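Participant: Right, I'll just put the structure down here and ask away after.
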Amino acid sequence: MGSSSLIRQAGIFVVRPNKIFVKSYGCQMNVYDSGRMADAMVKSGYAETKDCAEADLIVLNTCHIREKATEKIYSEVGRLKALRKKNPDLKIAVAGCVAQAEGTEIQRRQPAVDIVVGPQAYHRLPDLVAKAGSGTSVADTDFPLRSKFSRLPRNRLPRGQVTAFLTIQEGCDKFCTFCVVPYTRGAEDSRPAAEVVEEANLLVERGARDITLLGQNVNSYNGVGPDGGKRSLADLIVELSKIEALKRIRFTTSHPRDMSQDLIDAFVECDKLMPYLHLPVQSGSDRILRAMNRRHTARQYVDLIRRIRGRRPDIVISGDFIVAFPGETEEDFLQTIELVEEVSYGRSYSFKYSPRPGTPAAALPQIDGDVASERLARLQRLLRKQQQECQRNFVGRTVSVLFERKGRKPGQLVGKSEHLHAVHAQATADCLGQIRKVEIVRSEANSLSGKLVSVREPVGGSPRRR
Ligand code: 5AD
Ligand code: SF4
């Protein structure tokens with residue numbers, strides 16, 4: 001029934017709003033989309049819950065990037081359908097890239113799924129929920145001509161949340177031969193600059209101080225400006241930096257080929273753009289880069305990093321790597337190790353190649369699983385060492401921390417440094433949402449800890465080292 005349920009409480013029937021629970025898998029763009037789907041359902045009368053056991057609608061916002069991520073969804077639905085014993089009206093929706101890639105096949109394989117909704121159709125979720133139920137199932141995986149963003153309700157960031165994601169671009173035209181994204185998310189599409197600025201203003205009004213601009217290929221952003229001309233990502237960052245109460249801007253994920261000079265310059269010229277860049281390379285072998293259709297060489301990538309560091313020496317670089325891509329020899333792999341040694345990464349994400357149905361590389365002869373595991377372990381050992389070195393470099397230094405939330409220990413707050421390190425420090429709750437100076441005293445496994453040294457920091461972050 002509609003957006004409310006009749007339930008029995010202490011012997012009497014009461015009406016309560018239906019509840020939605022959304023679980024996000026995969027990338028940050030899914031986290032953003034999950035929030036927007038919840039917004040759409042709240043607008044049509046639902047309340048959001050963090051407890052799946054009390055939900056009337058469960059949305060799994062899925063990831064198709066590697067096989068493991070996809071398989072997780074089927075086992076999760078298997079578990080969740082048991083909740084129908086208590087709530088027979090429970091609806092289960094599968095959204096995201098698995099929905100887009102597999103469509104109605106999902107309902108064939110797992111009939112407990114009521115709704116399948118692709119990433120371009122989230123504005124239609126309330127409609128689909130209303131249609132589903134009583135044994136019917138519905139699916140919407142079309143790519144509409146008009147963007148979903150203009151049809152979703154306004155972003156309803158929870159009050160008190162200091163950091164926010166803002167999707168500015170979707171889809172990818174690069175067609176790396178291992179990747180499903182061009183198929184699940186479609187062609188590149190940039191949101192108009194004014195729409196992005198309006199949403200950023202709204203997020204800042206609700207308390208956001210650090211906004212990460214998201215896109216599968218975010219540095220290819222090419223949105224239309226209010227005058228009808230095009231805006232680059234650097235233009236957009238300059239525009240957003242005019243929002244007084246917004247202190248920090250970040251962006252992810254970028255492609256090396258789209259790292260334009262104006263964007264590199266923005267790391268120096270725009271105080272609010274933080275010194276952290278996620279720039280995946282995937283492999284250090286030119287042969288493999290070619291087979292992956294990355295359209296750059298290892299040397300071009302290393303030179304690019306050198307140019308960026310020439311402008312902004314303190315920038316922290318992070319990357320993505322794939323080992324055991326079809327045809328990768330020990331020699332190719334060693335070239336990846338060499339590249340990693342030359343670049344030195346502050347953070348990284350590394351994976352074994354996973355063949356994805358419909359992508360060109362899936363049809364190639366595959367590398368033995370044990371070889372892949374052994375290469376991944378070797379690469380990760382080196383990357384972990386570099387992450388630790390990067391963190392240890394900050395010990396003894398004073399950094400600017402934007403405090404986001406309470407820590408696990410009493411009296412402790414957790415925030416982020418400009419270089420995106422999580423930093424723990426003893427601080428009072430009035431520091432939440434504020435930037436404070438912290439002297440780093442220790443490097444932990446995945447974070448730093450320090451002590452507060454500051455009075456309030458001036459607007460625009462810490463002074464820049466050029
Ligand atoms: N197998 C393994 N890793 C992959 N990635 C993308 N597709 C695959 C795949 N088929 C990794 C890439 C990309 C990151 C988001 O996921 O490193 O940058
Ligand atoms: Fe996938 Fe990124 Fe390559 Fe696009 S650029 S195909 S999203 S790995």
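Every chain in the structure tokens takes a letter, A first, then B, and so on in the order presented; its residues are numbered from 1, and the ligands are numbered from 1 following the presented order.
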Run DSSP on the backbone and grab whatever in segment 220-431 of chain A lands in strand (DSSP E); send it over as a ChimeraX atom specification.

Facilitator: /A:222-224,230-232,248-252,276-278,316-323,347-352,398-406,412-417,422-426

Participant: Which residues are near segment 260-275 of chain A? Cut-off 9 Å, only C-alpha atoms, ignore same chain within fewer than 4 positions. Put them as number ranges by chain.

Facilitator: A: 219, 232-235, 237-238, 241, 246-251, 256, 307-308, 311-312, 314-317, 418-420, 460-464, 466

Participant: For the residues selected in the previous step, produce a file with C-alpha atoms as a compact mmCIF listing (two decimals), in the first residue's frame.

Facilitator:
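Contents of selection.txt, as written:
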# COMPACT_ATOMS: atom_id res chain seq x y z
CA ASN A 219 38.65 15.48 -15.55
CA SER A 232 36.38 22.68 -18.02
CA LEU A 233 36.84 21.03 -14.64
CA ALA A 234 39.36 23.77 -13.74
CA ASP A 235 36.77 26.47 -14.63
CA ILE A 237 36.62 24.46 -9.53
CA VAL A 238 37.38 28.20 -9.77
CA SER A 241 35.84 28.17 -4.83
CA LEU A 246 33.20 25.91 1.19
CA LYS A 247 36.75 25.32 2.37
CA ARG A 248 37.96 22.33 0.39
CA ILE A 249 37.43 20.93 -3.10
CA ARG A 250 38.59 17.55 -4.40
CA PHE A 251 37.80 15.48 -7.49
CA PRO A 256 45.90 10.63 -17.43
CA ARG A 307 55.05 17.91 -14.30
CA ILE A 308 52.33 17.93 -11.66
CA ARG A 311 53.97 22.67 -9.93
CA ARG A 312 52.81 21.26 -6.60
CA ASP A 314 53.70 18.24 -1.84
CA ILE A 315 50.83 16.63 -3.81
CA VAL A 316 49.91 13.09 -2.73
CA ILE A 317 49.32 10.78 -5.68
CA GLU A 418 44.52 18.47 3.22
CA HIS A 419 46.31 15.39 1.87
CA LEU A 420 43.27 13.22 2.70
CA GLY A 460 41.13 29.06 2.50
CA GLY A 461 43.22 26.41 4.24
CA SER A 462 46.83 26.54 5.25
CA PRO A 463 49.54 28.65 3.58
CA ARG A 464 50.84 26.97 0.49
CA ARG A 466 55.26 26.40 -3.63

Participant: Within 9 Å of ligand 2, which residues show up when you count only C-alpha atoms and all ligand atoms? List them as a PyMOL selection string, please.

Facilitator: chain A and resi 65+171-183+185+215-217+253-255+280+282+292-294

Participant: Against ligand 1, which residues of chain A fall within 8 Å? For each one I want the closest pair of atoms and the distance in Å (one decimal), counting only C-alpha atoms and all ligand atoms, rows by chain and increasing residue number, as JSON lines.

Facilitator:
{"residue": "A:Cys27", "atom": "CA", "partner": "ligand 1", "partner_atom_place_in_ligand_line": "15 (C)", "distance": 7.4}
{"residue": "A:Ile65", "atom": "CA", "partner": "ligand 1", "partner_atom_place_in_ligand_line": "7 (N)", "distance": 5.1}
{"residue": "A:Arg66", "atom": "CA", "partner": "ligand 1", "partner_atom_place_in_ligand_line": "9 (C)", "distance": 5.3}
{"residue": "A:Glu67", "atom": "CA", "partner": "ligand 1", "partner_atom_place_in_ligand_line": "10 (N)", "distance": 7.9}
{"residue": "A:Phe178", "atom": "CA", "partner": "ligand 1", "partner_atom_place_in_ligand_line": "10 (N)", "distance": 4.5}
{"residue": "A:Cys179", "atom": "CA", "partner": "ligand 1", "partner_atom_place_in_ligand_line": "7 (N)", "distance": 4.2}
{"residue": "A:Val180", "atom": "CA", "partner": "ligand 1", "partner_atom_place_in_ligand_line": "7 (N)", "distance": 6.6}
{"residue": "A:Val181", "atom": "CA", "partner": "ligand 1", "partner_atom_place_in_ligand_line": "7 (N)", "distance": 7.9}
{"residue": "A:Pro280", "atom": "CA", "partner": "ligand 1", "partner_atom_place_in_ligand_line": "18 (O)", "distance": 5.7}
{"residue": "A:Val281", "atom": "CA", "partner": "ligand 1", "partner_atom_place_in_ligand_line": "18 (O)", "distance": 7.7}
{"residue": "A:Gln282", "atom": "CA", "partner": "ligand 1", "partner_atom_place_in_ligand_line": "17 (O)", "distance": 5.5}
{"residue": "A:Gly319", "atom": "CA", "partner": "ligand 1", "partner_atom_place_in_ligand_line": "18 (O)", "distance": 7.8}
{"residue": "A:Asp320", "atom": "CA", "partner": "ligand 1", "partner_atom_place_in_ligand_line": "17 (O)", "distance": 4.4}
{"residue": "A:Phe321", "atom": "CA", "partner": "ligand 1", "partner_atom_place_in_ligand_line": "17 (O)", "distance": 4.8}
{"residue": "A:Ile322", "atom": "CA", "partner": "ligand 1", "partner_atom_place_in_ligand_line": "17 (O)", "distance": 5.3}
{"residue": "A:Val323", "atom": "CA", "partner": "ligand 1", "partner_atom_place_in_ligand_line": "2 (C)", "distance": 7.8}
{"residue": "A:Phe325", "atom": "CA", "partner": "ligand 1", "partner_atom_place_in_ligand_line": "1 (N)", "distance": 7.9}
{"residue": "A:Tyr349", "atom": "CA", "partner": "ligand 1", "partner_atom_place_in_ligand_line": "17 (O)", "distance": 7.0}
{"residue": "A:Ser350", "atom": "CA", "partner": "ligand 1", "partner_atom_place_in_ligand_line": "17 (O)", "distance": 6.4}
{"residue": "A:Phe351", "atom": "CA", "partner": "ligand 1", "partner_atom_place_in_ligand_line": "3 (N)", "distance": 5.1}
{"residue": "A:Lys352", "atom": "CA", "partner": "ligand 1", "partner_atom_place_in_ligand_line": "2 (C)", "distance": 5.3}
{"residue": "A:Tyr353", "atom": "CA", "partner": "ligand 1", "partner_atom_place_in_ligand_line": "1 (N)", "distance": 3.8}
{"residue": "A:Ser354", "atom": "CA", "partner": "ligand 1", "partner_atom_place_in_ligand_line": "1 (N)", "distance": 3.8}
{"residue": "A:Pro355", "atom": "CA", "partner": "ligand 1", "partner_atom_place_in_ligand_line": "10 (N)", "distance": 5.2}
{"residue": "A:Arg356", "atom": "CA", "partner": "ligand 1", "partner_atom_place_in_ligand_line": "10 (N)", "distance": 5.5}

Participant: Can you list, as an NGL selection string, every protein, DNA or RNA residue that comes within 12 Å of segment 338-344 of chain A when you count only C-alpha atoms, leaving out same-chain residues fewer than 6 positions away?

Facilitator: :A and (279-286 or 297-309 or 315-321 or 331-332 or 350 or 378-390)

Participant: Figure out the distance between atom CA of Leu452 of chain A and atom CA of Ala425 of chain A, please, to one decimal in Å.

Facilitator: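 One can read the atom CA of Ala425 of chain A to atom CA of Leu452 of chain A distance as 6.6 Å.
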
Participant: Do a neighbour search on Ile106 of chain A at 12 Å with only C-alpha atoms, toss out local chain neighbours closer than 4 positions, and write the hits as a ChimeraX atom specification.

Facilitator: /A:62,70-71,73-74,77,92-95,97-102,110-117,137-139

Participant: Considering only C-alpha atoms, return as an MDAnalysis selection string whatever protein or nucleic-acid residues lie within 12 Å of Leu80 of chain A, sequence-local ones (same chain, fewer than 4 positions apart) excluded.

Facilitator: chainID A and resid 21 23 51:60 73:76 84:88 90:93 110 112:113

Participant: Taking the backbone alone, and naming residues the way the document does, which bits of segment 42-94 of chain A are helix (DSSP H, G or I) by DSSP, as a PyMOL selection string?

Facilitator: chain A and resi 42-43+52-54+67-85

Participant: What does the file look like for those residues with N, CA and C atoms, as a CSV table (one decimal), in the first residue's frame?

Facilitator:
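As a result, out_2.csv now contains:
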chain,number,residue,atom,x,y,z
A,42,VAL,N,12.0,9.6,0.0
A,42,VAL,CA,11.5,10.4,1.1
A,42,VAL,C,10.5,11.5,0.6
A,43,LYS,N,10.8,12.0,-0.6
A,43,LYS,CA,9.9,13.0,-1.2
A,43,LYS,C,8.5,12.3,-1.4
A,52,CYS,N,18.1,-2.7,8.1
A,52,CYS,CA,17.3,-3.3,7.0
A,52,CYS,C,16.2,-4.2,7.6
A,53,ALA,N,16.2,-4.6,8.9
A,53,ALA,CA,15.2,-5.4,9.4
A,53,ALA,C,13.9,-4.7,9.6
A,54,GLU,N,13.9,-3.3,9.6
A,54,GLU,CA,12.6,-2.6,9.7
A,54,GLU,C,12.2,-1.9,8.4
A,67,GLU,N,34.0,-9.4,-10.8
A,67,GLU,CA,33.1,-10.5,-10.6
A,67,GLU,C,32.6,-10.7,-9.2
A,68,LYS,N,33.6,-10.5,-8.3
A,68,LYS,CA,33.3,-10.7,-6.9
A,68,LYS,C,32.1,-9.8,-6.4
A,69,ALA,N,32.2,-8.5,-6.9
A,69,ALA,CA,31.3,-7.5,-6.5
A,69,ALA,C,29.9,-7.9,-7.0
A,70,THR,N,29.8,-8.5,-8.1
A,70,THR,CA,28.5,-8.9,-8.7
A,70,THR,C,27.9,-10.1,-8.0
A,71,GLU,N,28.8,-11.1,-7.7
A,71,GLU,CA,28.3,-12.3,-7.0
A,71,GLU,C,27.7,-12.0,-5.6
A,72,LYS,N,28.3,-11.0,-5.0
A,72,LYS,CA,27.9,-10.6,-3.6
A,72,LYS,C,26.4,-10.3,-3.6
A,73,ILE,N,25.9,-9.7,-4.7
A,73,ILE,CA,24.5,-9.2,-4.7
A,73,ILE,C,23.5,-10.4,-4.6
A,74,TYR,N,23.8,-11.5,-5.4
A,74,TYR,CA,22.9,-12.6,-5.3
A,74,TYR,C,22.8,-13.3,-4.0
A,75,SER,N,24.0,-13.4,-3.3
A,75,SER,CA,23.9,-14.0,-2.0
A,75,SER,C,23.3,-13.0,-1.0
A,76,GLU,N,23.4,-11.7,-1.2
A,76,GLU,CA,22.8,-10.7,-0.3
A,76,GLU,C,21.2,-10.8,-0.4
A,77,VAL,N,20.8,-10.9,-1.7
A,77,VAL,CA,19.3,-11.0,-1.9
A,77,VAL,C,18.8,-12.3,-1.2
A,78,GLY,N,19.6,-13.4,-1.3
A,78,GLY,CA,19.2,-14.6,-0.7
A,78,GLY,C,19.0,-14.5,0.8
A,79,ARG,N,19.9,-13.7,1.4
A,79,ARG,CA,19.8,-13.5,2.9
A,79,ARG,C,18.6,-12.6,3.2
A,80,LEU,N,18.4,-11.5,2.4
A,80,LEU,CA,17.4,-10.5,2.7
A,80,LEU,C,16.0,-11.0,2.6
A,81,LYS,N,15.8,-12.0,1.7
A,81,LYS,CA,14.4,-12.4,1.4
A,81,LYS,C,13.8,-13.0,2.6
A,82,ALA,N,14.7,-13.5,3.6
A,82,ALA,CA,14.2,-14.1,4.8
A,82,ALA,C,13.4,-13.1,5.6
A,83,LEU,N,13.7,-11.8,5.4
A,83,LEU,CA,13.0,-10.7,6.2
A,83,LEU,C,11.5,-10.7,5.8
A,84,ARG,N,11.1,-11.3,4.7
A,84,ARG,CA,9.7,-11.3,4.3
A,84,ARG,C,8.8,-12.1,5.3
A,85,LYS,N,9.5,-13.0,6.0
A,85,LYS,CA,8.7,-13.8,7.0
A,85,LYS,C,8.0,-12.8,8.0

Participant: What is the atom CA of Ala164 of chain A-atom CA of Thr212 of chain A distance in Å, reported with one decimal?

Facilitator: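 Distance reported for this atom pair: 6.3 Å.
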
Participant: Which value, in Å to one decimal, gives the distance between atom CA of Pro126 of chain A and atom CA of Lys148 of chain A?

Facilitator: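 According to the coordinates, atom CA of Pro126 of chain A and atom CA of Lys148 of chain A are separated by 13.3 Å.
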
Participant: Mind checking which residues fall within 9 Å of Ala245 of chain A, counting only C-alpha atoms, ignoring those fewer than 6 positions away in the same chain, and posting them as a list in words?

Facilitator: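 Non-adjacent residues within range: Val204, Glu205, Gly207, Ala208, Arg209 and Val459 of chain A.
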